[in-house]
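One file, run.pdb, is given below (PDB, C-alpha atoms and all ligand atoms).
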```pdb
ATOM      1  CA  MET D   8      93.351 104.012 125.466
ATOM      2  CA  GLU D   9      89.785 103.012 124.762
ATOM      3  CA  ILE D  10      89.171  99.364 123.999
ATOM      4  CA  PRO D  11      86.995  99.117 120.866
ATOM      5  CA  THR D  12      83.403  98.151 121.636
ATOM      6  CA  SER D  13      82.550  97.777 117.946
ATOM      7  CA  CYS D  14      85.887  96.873 116.456
ATOM      8  CA  THR D  15      86.860  97.970 112.952
ATOM      9  CA  LEU D  16      90.616  97.813 113.432
ATOM     10  CA  CYS D  17      91.093  95.429 110.524
ATOM     11  CA  PRO D  18      89.311  95.027 107.180
ATOM     12  CA  ARG D  19      87.106  92.254 108.598
ATOM     13  CA  LYS D  20      85.278  95.013 110.485
ATOM     14  CA  CYS D  21      83.556  92.322 112.524
ATOM     15  CA  LYS D  22      82.366  94.898 115.105
ATOM     16  CA  ALA D  23      83.282  92.692 118.043
ATOM     17  CA  ASN D  24      82.926  94.265 121.464
ATOM     18  CA  ARG D  25      86.539  93.773 122.511
ATOM     19  CA  THR D  26      85.744  94.573 126.156
ATOM     20  CA  THR D  27      83.570  91.475 126.535
ATOM     21  CA  SER D  28      84.385  89.119 123.660
ATOM     22  CA  ILE D  29      86.973  88.248 121.040
ATOM     23  CA  GLY D  30      86.839  89.048 117.347
ATOM     24  CA  MET D  31      87.495  86.934 114.286
ATOM     25  CA  CYS D  32      91.172  87.725 114.858
ATOM     26  CA  ARG D  33      90.969  86.047 118.326
ATOM     27  CA  GLY D  34      91.844  89.386 119.918
ATOM     28  CA  GLY D  35      90.056  90.447 123.097
ATOM     29  CA  SER D  36      90.532  93.205 125.646
ATOM     30  CA  THR D  37      94.123  92.577 126.803
ATOM     31  CA  VAL D  38      97.129  92.506 124.516
ATOM     32  CA  THR D  39      98.466  88.957 124.265
ATOM     33  CA  ILE D  40     101.909  87.834 123.150
ATOM     34  CA  ALA D  41     103.604  84.451 122.826
ATOM     35  CA  ARG D  42     107.291  85.300 122.496
ATOM     36  CA  ALA D  43     109.667  88.266 122.656
ATOM     37  CA  ALA D  44     113.241  87.444 121.688
ATOM     38  CA  LEU D  45     116.107  88.109 119.324
ATOM     39  CA  HIS D  46     115.257  86.542 115.962
ATOM     40  CA  HIS D  47     117.833  85.733 113.280
ATOM     41  CA  TRP D  48     115.670  84.480 110.420
ATOM     42  CA  GLU D  49     114.374  87.687 108.857
ATOM     43  CA  GLU D  50     116.034  89.329 105.850
ATOM     44  CA  PRO D  51     119.693  90.276 106.627
ATOM     45  CA  CYS D  52     118.915  94.014 106.726
ATOM     46  CA  ILE D  53     116.378  93.297 109.485
ATOM     47  CA  SER D  54     118.142  90.583 111.526
ATOM     48  CA  GLY D  55     121.679  91.928 111.142
ATOM     49  CA  THR D  56     124.289  90.238 113.289
ATOM     50  CA  ARG D  57     122.633  90.616 116.691
ATOM     51  CA  GLY D  58     119.053  89.736 115.781
ATOM     52  CA  SER D  59     115.730  91.491 115.423
ATOM     53  CA  GLY D  60     113.810  92.184 118.638
ATOM     54  CA  THR D  61     110.769  90.221 117.623
ATOM     55  CA  VAL D  62     107.482  90.323 119.503
ATOM     56  CA  PHE D  63     104.937  87.719 118.371
ATOM     57  CA  PHE D  64     101.371  88.852 119.003
ATOM     58  CA  SER D  65      98.612  86.286 119.465
ATOM     59  CA  GLY D  66      95.699  86.155 117.020
ATOM     60  CA  CYS D  67      95.571  87.352 113.414
ATOM     61  CA  SER D  68      92.970  89.029 111.240
ATOM     62  CA  LEU D  69      93.743  86.847 108.226
ATOM     63  CA  GLN D  70      93.700  83.234 109.507
ATOM     64  CA  CYS D  71      95.456  81.514 106.577
ATOM     65  CA  CYS D  72      94.818  77.775 106.488
ATOM     66  CA  TYR D  73      98.563  77.041 106.162
ATOM     67  CA  CYS D  74      99.860  79.424 108.858
ATOM     68  CA  GLN D  75     103.188  78.292 110.293
ATOM     69  CA  ASN D  76     102.409  80.224 113.501
ATOM     70  CA  TYR D  77      98.924  78.720 113.863
ATOM     71  CA  THR D  78      99.309  77.901 117.560
ATOM     72  CA  ILE D  79      99.319  81.613 118.283
ATOM     73  CA  SER D  80      97.464  83.047 115.248
ATOM     74  CA  ALA D  81      94.530  80.614 115.164
ATOM     75  CA  GLU D  82      94.581  78.905 118.549
ATOM     76  CA  GLY D  83      95.364  82.139 120.390
ATOM     77  CA  TYR D  84      98.147  80.768 122.586
ATOM     78  CA  GLY D  85      99.908  83.494 124.546
ATOM     79  CA  LYS D  86      99.986  85.472 127.759
ATOM     80  CA  GLN D  87      97.910  88.521 128.477
ATOM     81  CA  ILE D  88     100.022  91.490 129.562
ATOM     82  CA  SER D  89      99.520  95.166 130.323
ATOM     83  CA  THR D  90     100.737  97.879 127.976
ATOM     84  CA  THR D  91     103.256  98.863 130.669
ATOM     85  CA  GLN D  92     104.669  95.338 130.582
ATOM     86  CA  LEU D  93     104.780  95.493 126.775
ATOM     87  CA  ALA D  94     106.746  98.745 126.959
ATOM     88  CA  ASP D  95     109.216  97.095 129.334
ATOM     89  CA  ILE D  96     109.568  94.134 126.956
ATOM     90  CA  PHE D  97     110.502  96.528 124.119
ATOM     91  CA  LEU D  98     113.119  98.115 126.384
ATOM     92  CA  HIS D  99     114.460  94.723 127.454
ATOM     93  CA  LEU D 100     114.923  93.728 123.793
ATOM     94  CA  GLN D 101     116.829  96.967 123.248
ATOM     95  CA  ALA D 102     119.050  96.150 126.259
ATOM     96  CA  GLN D 103     119.729  92.693 124.761
ATOM     97  CA  GLY D 104     121.207  94.357 121.668
ATOM     98  CA  ALA D 105     118.327  94.046 119.205
ATOM     99  CA  HIS D 106     118.760  96.016 115.991
ATOM    100  CA  ASN D 107     115.067  96.923 115.950
ATOM    101  CA  ILE D 108     111.683  96.134 117.476
ATOM    102  CA  ASN D 109     109.835  93.792 115.137
ATOM    103  CA  LEU D 110     106.064  93.701 115.713
ATOM    104  CA  VAL D 111     104.736  90.466 114.234
ATOM    105  CA  THR D 112     101.046  90.643 113.267
ATOM    106  CA  PRO D 113     100.289  93.792 115.236
ATOM    107  CA  GLY D 114      97.257  95.253 113.402
ATOM    108  CA  HIS D 115      94.511  93.898 115.640
ATOM    109  CA  TRP D 116      96.406  95.200 118.700
ATOM    110  CA  ALA D 117      97.454  98.542 117.193
ATOM    111  CA  PRO D 118      96.027 100.894 119.887
ATOM    112  CA  TRP D 119      97.572  98.803 122.690
ATOM    113  CA  ILE D 120     100.942  98.739 120.904
ATOM    114  CA  VAL D 121     100.891 102.479 120.258
ATOM    115  CA  GLU D 122     100.272 103.114 123.952
ATOM    116  CA  ALA D 123     103.184 100.811 124.862
ATOM    117  CA  LEU D 124     105.510 102.419 122.300
ATOM    118  CA  GLU D 125     104.643 105.861 123.621
ATOM    119  CA  MET D 126     105.632 104.722 127.138
ATOM    120  CA  ALA D 127     108.782 102.975 125.915
ATOM    121  CA  HIS D 128     109.948 106.024 123.964
ATOM    122  CA  LYS D 129     109.578 108.145 127.102
ATOM    123  CA  LYS D 130     111.752 105.599 128.926
ATOM    124  CA  GLY D 131     114.490 105.625 126.263
ATOM    125  CA  LEU D 132     113.498 103.300 123.406
ATOM    126  CA  GLN D 133     115.437 104.422 120.342
ATOM    127  CA  LEU D 134     115.345 101.460 117.964
ATOM    128  CA  PRO D 135     113.633 101.488 114.561
ATOM    129  CA  ILE D 136     110.159  99.934 114.727
ATOM    130  CA  VAL D 137     109.325  97.235 112.162
ATOM    131  CA  CYS D 138     105.739  96.223 111.322
ATOM    132  CA  ASN D 139     105.604  92.612 110.129
ATOM    133  CA  THR D 140     102.170  92.246 108.554
ATOM    134  CA  SER D 141     100.008  90.187 106.209
ATOM    135  CA  SER D 142      99.095  93.588 104.690
ATOM    136  CA  TYR D 143      95.430  92.806 105.305
ATOM    137  CA  GLU D 144      95.110  96.110 107.144
ATOM    138  CA  THR D 145      92.943  99.207 107.011
ATOM    139  CA  ILE D 146      94.424 102.551 105.986
ATOM    140  CA  GLU D 147      93.473 103.904 109.424
ATOM    141  CA  THR D 148      95.521 101.210 111.173
ATOM    142  CA  ILE D 149      98.492 101.764 108.852
ATOM    143  CA  ASP D 150      98.314 105.499 109.579
ATOM    144  CA  LEU D 151      98.092 104.883 113.321
ATOM    145  CA  LEU D 152     101.126 102.584 113.308
ATOM    146  CA  ALA D 153     103.017 104.913 110.942
ATOM    147  CA  ASN D 154     103.391 107.406 113.787
ATOM    148  CA  TYR D 155     106.006 104.952 115.140
ATOM    149  CA  VAL D 156     106.792 102.374 112.447
ATOM    150  CA  THR D 157     109.431 103.255 109.841
ATOM    151  CA  VAL D 158     110.067  99.783 108.370
ATOM    152  CA  TRP D 159     107.297  97.682 106.853
ATOM    153  CA  LEU D 160     107.864  93.965 106.404
ATOM    154  CA  ALA D 161     104.762  93.377 104.368
ATOM    155  CA  ASP D 162     103.355  90.275 102.691
ATOM    156  CA  ILE D 163     101.668  90.324  99.324
ATOM    157  CA  LYS D 164     100.100  86.880  99.343
ATOM    158  CA  TYR D 165      97.561  86.507  96.550
ATOM    159  CA  HIS D 166      96.291  88.161  93.425
ATOM    160  CA  SER D 167      93.106  86.235  92.800
ATOM    161  CA  SER D 168      90.049  86.493  95.014
ATOM    162  CA  GLU D 169      89.556  82.765  94.532
ATOM    163  CA  CYS D 170      92.904  81.990  96.196
ATOM    164  CA  SER D 171      92.397  84.445  99.045
ATOM    165  CA  GLN D 172      88.885  83.146  99.707
ATOM    166  CA  LYS D 173      89.992  79.518  99.635
ATOM    167  CA  TYR D 174      93.074  79.877 101.786
ATOM    168  CA  SER D 175      92.373  82.948 103.973
ATOM    169  CA  PHE D 176      88.589  83.358 104.045
ATOM    170  CA  THR D 177      88.454  86.714 102.317
ATOM    171  CA  GLU D 178      87.698  87.685  98.745
ATOM    172  CA  ASP D 179      89.136  91.181  99.018
ATOM    173  CA  TYR D 180      92.727  90.436 100.045
ATOM    174  CA  PHE D 181      94.355  91.844  96.889
ATOM    175  CA  PRO D 182      92.519  95.205  96.692
ATOM    176  CA  VAL D 183      92.829  95.731 100.468
ATOM    177  CA  ALA D 184      96.483  94.667 100.745
ATOM    178  CA  THR D 185      97.640  96.652  97.716
ATOM    179  CA  LYS D 186      96.006  99.828  99.078
ATOM    180  CA  ALA D 187      97.661  99.198 102.457
ATOM    181  CA  ILE D 188     101.049  98.664 100.791
ATOM    182  CA  GLU D 189     100.649 101.840  98.746
ATOM    183  CA  ARG D 190     100.023 103.629 102.028
ATOM    184  CA  MET D 191     103.195 102.105 103.541
ATOM    185  CA  LEU D 192     105.107 103.341 100.485
ATOM    186  CA  PHE D 193     103.571 106.783 100.975
ATOM    187  CA  HIS D 194     104.916 106.841 104.530
ATOM    188  CA  ASN D 195     108.311 105.155 104.014
ATOM    189  CA  GLY D 196     108.945 104.627 100.316
ATOM    190  CA  ASN D 197     112.602 105.649 100.435
ATOM    191  CA  CYS D 198     114.932 103.049 101.903
ATOM    192  CA  LYS D 199     117.501 104.211 104.431
ATOM    193  CA  TYR D 200     120.081 102.119 106.275
ATOM    194  CA  ASN D 201     122.162 102.791 109.375
ATOM    195  CA  GLU D 202     125.900 102.273 109.778
ATOM    196  CA  ASP D 203     125.321  98.569 110.615
ATOM    197  CA  GLY D 204     123.508  98.026 107.290
ATOM    198  CA  ILE D 205     120.164  97.739 109.080
ATOM    199  CA  LEU D 206     117.113  99.102 107.308
ATOM    200  CA  THR D 207     115.795 102.050 109.307
ATOM    201  CA  HIS D 208     113.167 103.301 106.827
ATOM    202  CA  GLY D 209     111.570 101.422 103.978
ATOM    203  CA  VAL D 210     109.272  98.695 102.736
ATOM    204  CA  ILE D 211     110.170  95.043 102.141
ATOM    205  CA  LEU D 212     107.528  93.242 100.096
ATOM    206  CA  ARG D 213     107.446  89.520 100.740
ATOM    207  CA  HIS D 214     105.813  86.960  98.515
ATOM    208  CA  LEU D 215     105.579  83.394  99.801
ATOM    209  CA  ALA D 216     105.325  81.151  96.754
ATOM    210  CA  LEU D 217     102.624  78.538  97.315
ATOM    211  CA  PRO D 218     102.713  75.103  95.667
ATOM    212  CA  GLY D 219     100.324  74.664  92.749
ATOM    213  CA  ASN D 220      99.697  78.414  92.456
ATOM    214  CA  LEU D 221     102.324  79.585  89.977
ATOM    215  CA  ALA D 222      99.868  81.650  87.907
ATOM    216  CA  ASP D 223      98.805  83.585  90.985
ATOM    217  CA  SER D 224     102.429  84.195  92.003
ATOM    218  CA  LYS D 225     103.163  85.534  88.514
ATOM    219  CA  ALA D 226     100.189  87.919  88.736
ATOM    220  CA  VAL D 227     101.430  89.151  92.140
ATOM    221  CA  LEU D 228     104.901  89.731  90.692
ATOM    222  CA  GLN D 229     103.424  91.685  87.790
ATOM    223  CA  TRP D 230     101.707  93.982  90.278
ATOM    224  CA  MET D 231     104.967  94.397  92.216
ATOM    225  CA  ALA D 232     106.733  95.347  89.002
ATOM    226  CA  SER D 233     104.136  98.069  88.390
ATOM    227  CA  LEU D 234     105.239  99.924  91.559
ATOM    228  CA  PRO D 235     107.875 102.665  91.245
ATOM    229  CA  GLN D 236     111.310 101.106  90.803
ATOM    230  CA  GLY D 237     113.437 101.291  93.928
ATOM    231  CA  SER D 238     110.529 102.202  96.230
ATOM    232  CA  PHE D 239     110.603  98.799  97.951
ATOM    233  CA  ILE D 240     112.766  95.700  98.389
ATOM    234  CA  PRO D 241     111.258  92.472  97.020
ATOM    235  CA  SER D 242     111.709  89.248  98.954
ATOM    236  CA  PHE D 243     110.717  85.930  97.389
ATOM    237  CA  MET D 244     110.180  83.142  99.873
ATOM    238  CA  SER D 245     110.351  79.409  99.254
ATOM    239  CA  GLN D 246     109.891  78.271 102.843
ATOM    240  CA  TYR D 247     106.271  77.152 102.488
ATOM    241  CA  THR D 248     105.612  74.045 104.580
ATOM    242  CA  PRO D 249     102.137  72.511 104.947
ATOM    243  CA  PHE D 250     101.194  73.487 108.498
ATOM    244  CA  HIS D 251      97.850  73.827 110.264
ATOM    245  CA  ASN D 252      94.909  72.973 107.951
ATOM    246  CA  ALA D 253      96.846  73.084 104.688
ATOM    247  CA  SER D 254      96.208  69.427 103.976
ATOM    248  CA  GLN D 255      92.541  70.108 103.274
ATOM    249  CA  PHE D 256      93.738  71.389  99.885
ATOM    250  CA  LYS D 257      95.604  68.827  97.793
ATOM    251  CA  GLU D 258      97.822  71.457  96.137
ATOM    252  CA  LEU D 259      98.917  72.831  99.527
ATOM    253  CA  SER D 260      99.806  69.440 100.978
ATOM    254  CA  ARG D 261     103.408  69.560  99.790
ATOM    255  CA  ARG D 262     106.316  71.995  99.643
ATOM    256  CA  ILE D 263     106.876  73.914  96.419
ATOM    257  CA  SER D 264     109.027  72.164  93.862
ATOM    258  CA  THR D 265     112.408  73.441  92.780
ATOM    259  CA  TRP D 266     110.945  73.957  89.291
ATOM    260  CA  GLU D 267     108.080  76.088  90.636
ATOM    261  CA  TYR D 268     110.381  78.294  92.686
ATOM    262  CA  LYS D 269     112.762  78.710  89.765
ATOM    263  CA  GLN D 270     109.790  79.837  87.660
ATOM    264  CA  VAL D 271     108.903  82.443  90.288
ATOM    265  CA  ILE D 272     112.471  83.742  90.391
ATOM    266  CA  GLN D 273     112.788  83.794  86.594
ATOM    267  CA  THR D 274     109.514  85.728  86.321
ATOM    268  CA  ALA D 275     110.809  88.211  88.888
ATOM    269  CA  LEU D 276     114.051  88.662  86.967
ATOM    270  CA  ASP D 277     112.178  89.044  83.665
ATOM    271  CA  LEU D 278     110.070  91.782  85.278
ATOM    272  CA  GLY D 279     113.144  93.616  86.559
ATOM    273  CA  LEU D 280     112.629  92.655  90.214
ATOM    274  CA  SER D 281     116.259  91.722  90.700
ATOM    275  CA  GLU D 282     117.338  93.957  93.608
ATOM    276  CA  GLY D 283     115.980  91.937  96.489
ATOM    277  CA  TYR D 284     116.099  88.714  98.437
ATOM    278  CA  MET D 285     115.442  85.128  97.478
ATOM    279  CA  GLN D 286     115.600  82.067  99.676
ATOM    280  CA  GLU D 287     117.458  78.832  99.174
ATOM    281  CA  LYS D 288     114.992  75.995  98.600
ATOM    282  CA  SER D 289     116.482  74.355 101.698
ATOM    283  CA  SER D 290     114.923  77.145 103.749
ATOM    284  CA  ALA D 291     111.703  75.195 104.199
ATOM    285  CA  LYS D 292     112.625  73.999 107.638
ATOM    286  CA  GLU D 293     110.535  73.829 110.743
ATOM    287  CA  GLU D 294     113.144  75.779 112.713
ATOM    288  CA  TYR D 295     111.940  78.890 110.898
ATOM    289  CA  THR D 296     108.997  78.629 113.268
ATOM    290  CA  PRO D 297     110.201  79.808 116.651
ATOM    291  CA  ALA D 298     109.164  78.111 119.868
ATOM    292  CA  PHE D 299     106.054  79.763 121.224
ATOM    293  CA  ASP D 300     106.916  79.146 124.838
ATOM    294  CA  LEU D 301     106.507  82.630 126.323
ATOM    295  CA  THR D 302     110.238  83.311 126.035
ATOM    296  CA  GLY D 303     110.813  86.924 127.075
ATOM    297  CA  VAL D 304     107.212  87.482 128.171
TER     298      VAL D 304
HETATM  299  S1  LIG P 401      90.748  93.453 114.533
HETATM  300 FE1  LIG P 401      89.689  91.554 115.184
HETATM  301  S2  LIG P 401      87.932  92.246 116.347
HETATM  302 FE2  LIG P 401      88.669  94.007 115.165
HETATM  303  S3  LIG P 401      87.522  93.992 113.248
HETATM  304 FE3  LIG P 401      89.373  92.819 112.889
HETATM  305  S4  LIG P 401      88.814  90.675 113.304
HETATM  306 FE4  LIG P 401      87.241  91.984 114.243
END
```

Render the structure in this file as structure tokens.
Amino acid sequence: MEIPTSCTLCPRKCKANRTTSIGMCRGGSTVTIARAALHHWEEPCISGTRGSGTVFFSGCSLQCCYCQNYTISAEGYGKQISTTQLADIFLHLQAQGAHNINLVTPGHWAPWIVEALEMAHKKGLQLPIVCNTSSYETIETIDLLANYVTVWLADIKYHSSECSQKYSFTEDYFPVATKAIERMLFHNGNCKYNEDGILTHGVILRHLALPGNLADSKAVLQWMASLPQGSFIPSFMSQYTPFHNASQFKELSRRISTWEYKQVIQTALDLGLSEGYMQEKSSAKEEYTPAFDLTGV
């Protein structure tokens, strides 16, 4: 594969020369990961009973101020590996019994990952491939990954440009993410499950409810309700915890209240978004953040 010398892999299009420097995403020339292990905290149709074979990639194109994985997304912690080693890691997760390979924040490493998946498939990888993304992705990167990915675990974070600018340094999150999600639906809009009840094709749309931002959550839910019924699985998350630089915004310095989350769920139900997942309020625990200690790397 050719390492981008004027990178446009994500919507930042920062044109970094990835052979000699790193981009806004913190990605450089060599794919970097912080953990590869069985993970039990995704939605049940992803984690199943044996766990999802989750590979956490270092760096992120979005850089949210409250990121729970900030040590790897913002600070870039991780180990540089070759694409051959990445292929072997996918195969090792399969040998451990993983239900799928779950690529967490893969967009800024997409060409490296595709090369590794190609190698792994030749060596016997058969698991469904899950793309776990902020949805701040270009159509080209979605299309590239869609040659391998059949399950999209996609965030829809904000509706207003004010929120996305304040918390994730981009005004265009909503128009970019909704186009990317529509593309995911184009590729895998019909949900299919295997005999273990694991999603093998489909789109899960996750919305993390933020404290003090109920109006924005409601606008996001209205957009979700405008999509074709049954083309995706909604997942409403209450696990927000003020990590990283969240405390620079007063409203983000606390967890969401029970009342706020109930309002989100009631809005979802009123809009007909009832066939999906919702979290217990008690889910806002730090153990949802795995240890980034190079396990499995
Ligand atoms: S993937 Fe990284 S280097 Fe490439 S355009 Fe996006 S932020 Fe820049």

May I have the residues within 12 Å of ligand LIG 401 (chain P), computed using only C-alpha atoms and all ligand atoms, as a PyMOL selection string?
chain D and resi 10-36+38+65-70+80-81+112-119+143-145+147-148+176-177

Students should find that atom CA of Leu134 of chain D and atom CA of Cys74 of chain D are spaced 28.4 Å

Atom pair atom CA of Ser242 of chain D / atom CA of Asn197 of chain D: separation (Å)
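These atoms are spaced 16.5 Å apart.
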
Selection result of the PyMOL selection byres (((chain D and resi 234) around 12) and not hetatm) on this file, as number ranges by chain
D: 185-186, 188-189, 192-193, 196, 210, 212, 227-233, 235-241, 278-280

So which residues touch Ala298 of chain D within 10 Å, counting all atoms listed in the file, skipping near sequence neighbours fewer than 4 positions away, as a PyMOL selection string?
chain D and resi 41-42+76+294+302

Using only C-alpha atoms, determine which residues lie at most 9 Å from Asp203 of chain D, disregarding the query and same-chain residues fewer than 2 positions distant; provide the list as a compact mmCIF listing (two decimals) with C-alpha atoms, in the coordinates of the input.
```
# COMPACT_ATOMS: atom_id res chain seq x y z
CA CYS D 52 118.92 94.01 106.73
CA GLY D 55 121.68 91.93 111.14
CA THR D 56 124.29 90.24 113.29
CA HIS D 106 118.76 96.02 115.99
CA TYR D 200 120.08 102.12 106.28
CA ASN D 201 122.16 102.79 109.38
CA ILE D 205 120.16 97.74 109.08
CA LEU D 206 117.11 99.10 107.31
```

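Between atom CA of Trp48 of chain D and atom CA of Arg190 of chain D the separation is 26.1 Å.
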
Contact residues around Ser54 of chain D with all atoms listed in the file at 12 Å, ignoring same-chain residues under 6 positions, as an NGL selection string
:D and (44-48 or 60-61 or 104-109 or 137 or 160 or 203-207)

Where atoms are lacking, segment 73-88 of chain D completed to N, CA, C and O atoms, as a PDB file, keeping the file's coordinate frame:
```pdb
ATOM      1  N   TYR D  73      97.246  77.679 106.133  1.00  0.00           N
ATOM      2  CA  TYR D  73      98.563  77.041 106.162  1.00  0.00           C
ATOM      3  C   TYR D  73      99.525  77.741 107.133  1.00  0.00           C
ATOM      4  O   TYR D  73     100.737  77.519 107.077  1.00  0.00           O
ATOM      5  N   CYS D  74      99.002  78.570 108.014  1.00  0.00           N
ATOM      6  CA  CYS D  74      99.860  79.424 108.858  1.00  0.00           C
ATOM      7  C   CYS D  74     100.880  78.616 109.652  1.00  0.00           C
ATOM      8  O   CYS D  74     100.522  77.697 110.392  1.00  0.00           O
ATOM      9  N   GLN D  75     102.147  79.008 109.548  1.00  0.00           N
ATOM     10  CA  GLN D  75     103.188  78.292 110.293  1.00  0.00           C
ATOM     11  C   GLN D  75     103.157  78.672 111.780  1.00  0.00           C
ATOM     12  O   GLN D  75     103.719  77.969 112.609  1.00  0.00           O
ATOM     13  N   ASN D  76     102.521  79.789 112.098  1.00  0.00           N
ATOM     14  CA  ASN D  76     102.409  80.224 113.501  1.00  0.00           C
ATOM     15  C   ASN D  76     101.007  79.949 114.049  1.00  0.00           C
ATOM     16  O   ASN D  76     100.520  80.674 114.907  1.00  0.00           O
ATOM     17  N   TYR D  77     100.348  78.904 113.569  1.00  0.00           N
ATOM     18  CA  TYR D  77      98.924  78.720 113.863  1.00  0.00           C
ATOM     19  C   TYR D  77      98.626  78.555 115.356  1.00  0.00           C
ATOM     20  O   TYR D  77      97.535  78.893 115.806  1.00  0.00           O
ATOM     21  N   THR D  78      99.608  78.076 116.124  1.00  0.00           N
ATOM     22  CA  THR D  78      99.309  77.901 117.560  1.00  0.00           C
ATOM     23  C   THR D  78      99.002  79.249 118.216  1.00  0.00           C
ATOM     24  O   THR D  78      98.206  79.317 119.155  1.00  0.00           O
ATOM     25  N   ILE D  79      99.627  80.297 117.703  1.00  0.00           N
ATOM     26  CA  ILE D  79      99.319  81.613 118.283  1.00  0.00           C
ATOM     27  C   ILE D  79      98.299  82.375 117.446  1.00  0.00           C
ATOM     28  O   ILE D  79      97.450  83.063 117.973  1.00  0.00           O
ATOM     29  N   SER D  80      98.357  82.245 116.103  1.00  0.00           N
ATOM     30  CA  SER D  80      97.464  83.047 115.248  1.00  0.00           C
ATOM     31  C   SER D  80      96.030  82.523 115.267  1.00  0.00           C
ATOM     32  O   SER D  80      95.081  83.297 115.303  1.00  0.00           O
ATOM     33  N   ALA D  81      95.878  81.202 115.237  1.00  0.00           N
ATOM     34  CA  ALA D  81      94.530  80.614 115.164  1.00  0.00           C
ATOM     35  C   ALA D  81      94.058  80.097 116.519  1.00  0.00           C
ATOM     36  O   ALA D  81      92.885  80.245 116.873  1.00  0.00           O
ATOM     37  N   GLU D  82      94.987  79.503 117.262  1.00  0.00           N
ATOM     38  CA  GLU D  82      94.581  78.905 118.549  1.00  0.00           C
ATOM     39  C   GLU D  82      94.708  79.902 119.700  1.00  0.00           C
ATOM     40  O   GLU D  82      94.249  79.627 120.807  1.00  0.00           O
ATOM     41  N   GLY D  83      95.349  81.040 119.419  1.00  0.00           N
ATOM     42  CA  GLY D  83      95.364  82.139 120.390  1.00  0.00           C
ATOM     43  C   GLY D  83      96.297  81.956 121.564  1.00  0.00           C
ATOM     44  O   GLY D  83      96.204  82.687 122.555  1.00  0.00           O
ATOM     45  N   TYR D  84      97.234  80.978 121.464  1.00  0.00           N
ATOM     46  CA  TYR D  84      98.147  80.768 122.586  1.00  0.00           C
ATOM     47  C   TYR D  84      98.927  82.057 122.882  1.00  0.00           C
ATOM     48  O   TYR D  84      99.366  82.759 121.975  1.00  0.00           O
ATOM     49  N   GLY D  85      99.119  82.331 124.154  1.00  0.00           N
ATOM     50  CA  GLY D  85      99.908  83.494 124.546  1.00  0.00           C
ATOM     51  C   GLY D  85      99.555  83.916 125.952  1.00  0.00           C
ATOM     52  O   GLY D  85      98.710  83.299 126.615  1.00  0.00           O
ATOM     53  N   LYS D  86     100.218  84.965 126.398  1.00  0.00           N
ATOM     54  CA  LYS D  86      99.986  85.472 127.759  1.00  0.00           C
ATOM     55  C   LYS D  86      99.472  86.905 127.667  1.00  0.00           C
ATOM     56  O   LYS D  86     100.028  87.722 126.924  1.00  0.00           O
ATOM     57  N   GLN D  87      98.442  87.173 128.433  1.00  0.00           N
ATOM     58  CA  GLN D  87      97.910  88.521 128.477  1.00  0.00           C
ATOM     59  C   GLN D  87      98.823  89.386 129.335  1.00  0.00           C
ATOM     60  O   GLN D  87      99.211  88.981 130.441  1.00  0.00           O
ATOM     61  N   ILE D  88      99.148  90.576 128.811  1.00  0.00           N
ATOM     62  CA  ILE D  88     100.022  91.490 129.562  1.00  0.00           C
ATOM     63  C   ILE D  88      99.454  92.906 129.480  1.00  0.00           C
ATOM     64  O   ILE D  88      98.642  93.206 128.602  1.00  0.00           O
TER      65      ILE D  88
END
```
